[in-house]
Protein chains: 4
Amino acid sequence: MTRTVQTAVIGVTGYAGAELARLLLHHPRLKNHPPVFAGRVDAEDRARGGIPLAEIHPQLADNNGSAELKLEHFSWELLAERGVDVLFLATPHERSREWVPEALRRGLRVIDLSGAWRLTEASNRAVYAFADEGSDVAAVTQTEAVYGMPELHRKQIASARLVANPGCYATSIILALKPLVAAGIIDLEHGIVADAKSGVSGAGKVPSAGTHFMYAADNLSAYSVFRHRHTGEILEETGISGGQLVFTPHLLPIPRGILSTIYVHFTKSQTRESVAGVYREFFAGSPMVRLYEKTLPQIQYSVRTNYADIGFDLDAGGKRAVIVSCLDNLLKGAAGQAVQNLNVIEGWPESEGLA
Amino acid sequence: MTRTVQTAVIGVTGYAGAELARLLLHHPRLKNHPPVFAGRVDAEDRARGGIPLAEIHPQLADNNGSAELKLEHFSWELLAERGVDVLFLATPHERSREWVPEALRRGLRVIDLSGAWRLTEASNRAVYAFADEGSDVAAVTQTEAVYGMPELHRKQIASARLVANPGCYATSIILALKPLVAAGIIDLEHGIVADAKSGVSGAGKVPSAGTHFMYAADNLSAYSVFRHRHTGEILEETGISGGQLVFTPHLLPIPRGILSTIYVHFTKSQTRESVAGVYREFFAGSPMVRLYEKTLPQIQYSVRTNYADIGFDLDAGGKRAVIVSCLDNLLKGAAGQAVQNLNVIEGWPESEGLA
Amino acid sequence: MTRTVQTAVIGVTGYAGAELARLLLHHPRLKNHPPVFAGRVDAEDRARGGIPLAEIHPQLADNNGSAELKLEHFSWELLAERGVDVLFLATPHERSREWVPEALRRGLRVIDLSGAWRLTEASNRAVYAFADEGSDVAAVTQTEAVYGMPELHRKQIASARLVANPGCYATSIILALKPLVAAGIIDLEHGIVADAKSGVSGAGKVPSAGTHFMYAADNLSAYSVFRHRHTGEILEETGISGGQLVFTPHLLPIPRGILSTIYVHFTKSQTRESVAGVYREFFAGSPMVRLYEKTLPQIQYSVRTNYADIGFDLDAGGKRAVIVSCLDNLLKGAAGQAVQNLNVIEGWPESEGLA
Amino acid sequence: MTRTVQTAVIGVTGYAGAELARLLLHHPRLKNHPPVFAGRVDAEDRARGGIPLAEIHPQLADNNGSAELKLEHFSWELLAERGVDVLFLATPHERSREWVPEALRRGLRVIDLSGAWRLTEASNRAVYAFADEGSDVAAVTQTEAVYGMPELHRKQIASARLVANPGCYATSIILALKPLVAAGIIDLEHGIVADAKSGVSGAGKVPSAGTHFMYAADNLSAYSVFRHRHTGEILEETGISGGQLVFTPHLLPIPRGILSTIYVHFTKSQTRESVAGVYREFFAGSPMVRLYEKTLPQIQYSVRTNYADIGFDLDAGGKRAVIVSCLDNLLKGAAGQAVQNLNVIEGWPESEGLA
């Protein structure tokens with residue numbers, strides 16, 4: 001008999017939280033065991049506690065019972081009463097930073113969607129300016145954290161108590177680069193450019209000048225040039241140095257989806273087949289990556305799926321490649337990957353509930 | 001020699017304000033006489049006073065000097081020092097309500113883009129709940145106000161001290177209905193439906209849940225059903241009674257433009273030619289209305305112009321018509337019509353600076 | 001033991017066909033029984049026969065086997081060899097008109113997504129100008145046809161050999177009006193306005209001036225005023241007469257979704273509760289309709305679901321109502337409703353495979 | 001007294017043609033001298049000859065007379081009769097290739113918006129596979145051609161008989177790179193990446209699978225990787241070699257606008273001020289380029305203007321830069337630049353009619 005898993009989602013009012021709610025409510029292994037849902041654990045959460053989930057996310061209302069689910073007031077006691085095993089945090093970085101140690105102390109497994117515990121190097125973490133930086137608790141907690149990208153760390157995730165779910169841009173770039181770096185075919189000295197474009201949901205649900213329809217629509221803008229927070233993740237996970245990579249994010253006038261165009265030089269000439277072979281070998285056993293061998297992926301192929309789509313073109317001499325990597329920033333770039341991590345932890349098929 | 005006109009725009013930080021700034025800066029009669037610009041006259045205005053206009057509206061920066069124009073701190077003294085003749089208020093309703101009496105006292109002509117002084121009937125004004133409702137000053141000021149739609153009130157506007165610039169939805173619906181009502185061919189007892197759709201700029205620049213890209217994009221929603229503030233304007237200007245009209249606004253996933261689809265019954269059978277004749281006669285001498293006789297107007301034809309576009313189709317029996325009325329909510333629906341009113345006041349060609 | 005059902009989809013290259021493919025490939029009752037897929041049965045189909053389905057619809061490629069499915073050359077023999085029981089036709093009207101009689105002769109059950117067999121009255125059918133109009137075969141075939149809206153004809157669909165799957169606009173309008181007409185509370189003499197707006201997928205996949213991004217984007221246009229083909233369906237299914245309804249479709253700048261705004265007068269005053277009661281009673285046992293009692297539905301709530309969402313507002317006197325009806329034109333408006341009809345035919349839960 | 005210039009626009013039915021028509025109709029120096037307009041000089045043109053321009057481009061209809069302008073049947077005799085001095089060709093590459101020699105023979109000045117005569121090197125021209133490649137006429141004609149970018153070739157354009165109006169992507173990238181290359185501060189050996197994104201109007205008006213709203217909307221796709229036709233222009237005009245540049249175009253889900261993100265390494269450390277100084281010096285006297293010194297340009301700032309907007313960020317060490325270059329592909333990237341070239345030829349202020 002399968003052990004029942006009780007999940008909880010904190011921060012369900014945001015976009016990633018809503019996707020997580022949707023995925024968990026329809027997950028075949030969690031039938032009849034809806035998650036415990038709470039808001040962002042702040043004034044808003046307290047105000048909204050008790051209201052139906054479907055009022056916050058009308059698209060979650062269906063006629064199968066989920067319409068009755070309510071947003072609850074978060075408390076550690078609530079989690080204990082409900083017998084929560086796995087805690088998903090879709091909370092701001094600072095909140096996750098503060099709460100994860102307590103959650104671990106209470107024996108919960110945590111899948112944290114924030115950037116709080118993704119980075120090993122303090123220098124990379126500096127952009128977050130965490131209040132507890134340098135404390136013993138933070139240091140100990142960080143050693144528990146596994147970067148939650150199953151394609152790279154499947155085994156460690158399976159036994160992790162704390163999964164640091166990757167950033168959306170980082171996922172799209174790491175999956176494209178890691179196989180080639182690991183195979184030693186990239187000329188790192190020549191430098192790598194990762195020009196990435198994301199839909200507006202990546203900017204979060206809080207209304208701001210930058211998420212106003214009038215700002216984003218019919219527009220494209222680059223931002224955080226040379227200083228986006230996901231840079232550290234990319235460097236740590238690929239082993240590329242900061243001087244070898246330029247990563248530029250752009251805001252696309254679409255709701256969701258990321259396309260990263262990545263430029264590399266090879267140390268020696270490659271063929272389509274040799275490069276495809278490197279990817280195929282690396283992603284053998286990884287059901288959530290699709291390699292495009294005839295065409296290039298586009299945002300619309302991966303949106304609303306948990307797939308990371310990768311394709312590439314070589315120049316005539318085989319020394320330069322343009323790699324195109326696409327995913328849905330709310331799924332493979334957030335909630336979908338979080339559920340993929342849950343599947344790995346529980347020993348379920350990795351793509352379960354994600355088709 | 002032409003008298004020089006000195007204008008001022010208060011509330012230039014919003015969308016209508018920006019369009020007004022653009023139109024006045026390029027108006028042939030105002031060359032070398034840029035308007036005085038101020039913000040919304042609140043904390044934001046004070047914070048932003050002195051910063052270049054081009055920093056707030058980068059699209060206004062050109063290499064012809066406008067890049068140097070600065071947002072100024074509003075004061076009545078400032079207007080006096082600069083010799084301002086005509087004051088454009090692109091301010092919130094309450095602000096216009098408060099300031100217009102003072103502006104008139106100081107001898108300024110005012111073109112007010114808010115809804116503060118558009119309505120003659122207190123019952124229609126009730127939706128605004130103005131603090132000074134019922135006061136003597138308000139009553140006297142209201143008698144000065146002329147509804148600023150040149151196609152209906154050209155002569156009165158020419159000598160008005162206070163022009164109440166019409167609402168965007170109201171303009172699109174009044175221009176479509178007034179000629180037919182005036183000609184007495186509509187069966188009012190049968191009821192009129194005005195189903196209107198507007199781009200997001202109509203909702204203003206302040207970020208909110210409803211103007212978030214994720215809310216508006218790929219969506220359509222009806223709002224303020226049976227209770228939109230523009231209803232009163234439509235009734236007063238057309239002479240239709242509240243029980244004879246249903247007006248429903250919708251939020252379109254586009255930056256700008258309004259399309260109103262209007263359903264009427266005729267008292268007796270009409271032909272394309274008889275209806276076109278009514279419109280042609282009514283709009284003779286109105287350069288900013290275009291009648292479509294072969295096709296129906298679409299939003300994209302009028303966007304970024306000051307035209308109101310009107311077309312229609314009749315049913316086989318000639319007893320029912322669907323009228324389609326399009327305009328740009330920021331131009332003919334706001335700033336463009338305001339400049340059209342300035343032209344009427346100054347005796348310039350009505351479409352000057354609006355081509 | 002459950003009988004195995006073998007389906008086939010003809011016309012899988014279009015948008016509705018692609019959605020049908022996706023739904024059937026993931027339908028719990030059809031596991032390991034993928035449909036037979038063919039194209040539009042014309043030159044294109046012949047040219048494309050044998051190519052992988054995932055090449056035509058890359059978003060259908062997943063790592064669960066569907067990537068290997070191929071588009072086949074249609075022939076009646078093919079269907080016989082594969083033991084096809086239920087034939088879905090996502091083909092042009094004329095093609096369905098021609099083929100359905102042969103399919104029935106061969107003992108197949110047909111769910112036809114075209115407009116070929118939806119209309120009982122020859123006068124309503126006239127807009128299609130079918131070549132076989134008036135023939136005996138056509139007349140006999142028509143008597144077999146059941147209008148495929150389970151909320152209205154569940155029982156007849158269950159035993160039908162030919163299901164005429166409803167039009168997208170028609171579905172959204174009929175579901176909103178039928179309960180009120182059936183309850184006798186609408187004042188039909190006063191006339192009904194149905195102002196409907198649809199995303200571009202409703203216009204089909206063949207590139208044309210009207211589906212060019214530059215035409216549709218940032219735009220809204222009314223079309224087929226007083227003469228859209230879905231009018232007949234609405235009249236026949238609701239019992240409203242042509243003189244009592246005006247239906248105007250508009251092209252929205254979004255990929256998918258329909259919102260219909262419907263204006264009715266009641267014979268006597270109603271309350272929110274009395275109207276909600278009429279809907280609740282009518283849709284008891286209909287899992288794919290959601291009644292919105294506190295807010296109005298929006299396009300984004302129903303897009304990518306098979307739900308029809310209905311909400312309404314009354315005027316102060318309770319004599320007039322604005323009803324808002326939303327659905328996804330490719331799902332409840334086409335492929336989803338087709339699968340719903342399959343579920344009814346097979347006696348499976350009506351929402352199976354549609355959650 | 002100013003000499004009157006008579007212009008003609010061939011290919012006015014496309015997007016660039018429509019913009020050209022709009023600009024010339026409102027150009028202060030061409031008042032009362034509307035251009036002669038003809039279509040694409042093929043079957044379509046013949047079919048459409050004589051129909052009003054406003055029927056093809058309804059947004060061009062205004063009440064100032066342009067509504068009466070008609071599309072004419074092209075013939076050399078027509079141009080002679082009307083006394084055409086300057087011929088704008090907004091025609092397909094092959095058509096321009098064929099016609100320009102004849103136009104020059106007839107003494108016309110030509111501003112050609114196609115790619116026919118932009119390239120000096122046959123190897124770069126190879127991607128066009130022109131039928132007359134290698135002929136004497138082609139060789140002689142090419143020597144007459146001046147690349148129509150006033151910021152680089154103002155003096156030669158002034159006296160040119162044939163202006164080869166630049167490509168849209170090429171304009172955005174050349175303007176960003178040329179000043180830095182000319183100043184010798186770029187480390188070319190390190191390679192340059194130009195990641196460019198364009199709105200759909202760049203793909204032309206002929207409906208195709210790739211310009212279908214359903215393909216382009218909510219999507220982003222890379223195309224023509226390592227083989228886009230504009231690459232040759234960029235190389236020839238900047239002096240960068242093919243091995244030193246990778247240029248990747250992408251299709252943005254917006255109607256118009258290009259943003260190019262360009263990655264360079266410097267030979268030695270630069271500062272914001274040193275790089276800005278290089279640009280300022282190069283563009284002194286170029287009114288249609290705006291340098292952004294505090295922020296980065298965005299597509300929405302330059303759309304519907306003839307400006308090329310350039311901004312940049314440096315990394316901490318000053319050795320790498322990300323340059324962002326924006327323009328409107330139909331204006332500075334096509335019709336606007338063509339009018340700018342007309343201004344240069346006629347000795348008028350370079351930005352006349354382009355504000």
# chains A, B, ... in the order shown; residues from 1 in each chain; ligands from 1
>>> interface_residues(of="chain B", to="chain C", cutoff="7 Å", atoms="only C-alpha atoms", output="ChimeraX atom specification")
/B:190,218-221,225-226,254,298-300,313,315
>>> select_by_dssp(residues="range 174-233 of chain D", states="strand (DSSP E or B)", output="ChimeraX atom specification")
/D:186,192-198,212,221-222
>>> residues_around(residues="Thr91 in chain B", least_positions_apart="6", cutoff="10 Å", atoms="only C-alpha atoms", output="VMD selection string")
chain B and resid 9 to 14 16 to 17 39 to 41 97 99 112 to 116
>>> residues_around(residues="Ala164 in chain A", least_positions_apart="6", cutoff="12 Å", atoms="only C-alpha atoms", output="MDAnalysis selection string")
chainID A and resid 88:90 93 96:97 100 109:120 141:150 153 156:157 233 334 337:338 341:342
>>> atom_distance(atom1="CA of Ser159 in chain A", atom2="CA of Ala103 in chain A")
16.3 Å
>>> residues_around(residues="Ala129 in chain C", least_positions_apart="3", cutoff="12 Å", atoms="only C-alpha atoms", output="ChimeraX atom specification")
/C:93-94,97,115-116,122-126,132-134,229
>>> atom_distance(atom1="CA of Tyr15 in chain D", atom2="CA of Asp328 in chain B")
21.2 Å
>>> residues_around(residues="Glu237 in chain D", least_positions_apart="6", cutoff="9 Å", atoms="only C-alpha atoms", output="PyMOL selection string")
chain D and resi 147+152+174+178
>>> atom_distance(atom1="CA of Trp348 in chain B", atom2="CA of Val5 in chain B")
11.7 Å
>>> closest_residue(among="D:Thr4, D:Gln340, D:Leu291, D:Pro207", to="Pro58 in chain B", atoms="only C-alpha atoms")
D:Leu291
>>> select_by_dssp(residues="range 105-142 of chain B", states="helix (DSSP H, G or I)", output="compact mmCIF listing (two decimals) with C-alpha atoms, in the first residue's frame")
# COMPACT_ATOMS: atom_id res chain seq x y z
CA ARG B 105 -12.37 83.31 -10.52
CA ALA B 122 -27.82 66.00 -9.85
CA SER B 123 -29.27 62.51 -10.10
CA ASN B 124 -26.80 61.62 -12.82
CA ARG B 125 -23.97 63.23 -10.87
CA ALA B 126 -24.76 61.14 -7.81
CA VAL B 127 -22.37 58.36 -8.86
CA TYR B 128 -19.48 60.75 -8.29
CA ASP B 136 -23.88 77.47 -4.43
CA VAL B 137 -20.43 77.59 -5.94
CA ALA B 138 -20.94 74.22 -7.55
CA ALA B 139 -24.31 75.27 -8.93
CA VAL B 140 -22.96 78.49 -10.40
CA THR B 141 -19.91 76.80 -11.85
CA GLN B 142 -22.06 74.13 -13.46
>>> residues_around(residues="Pro35 in chain B", least_positions_apart="2", cutoff="8 Å", atoms="only C-alpha atoms", output="ChimeraX atom specification")
/B:6-9,21,24-25,33,37
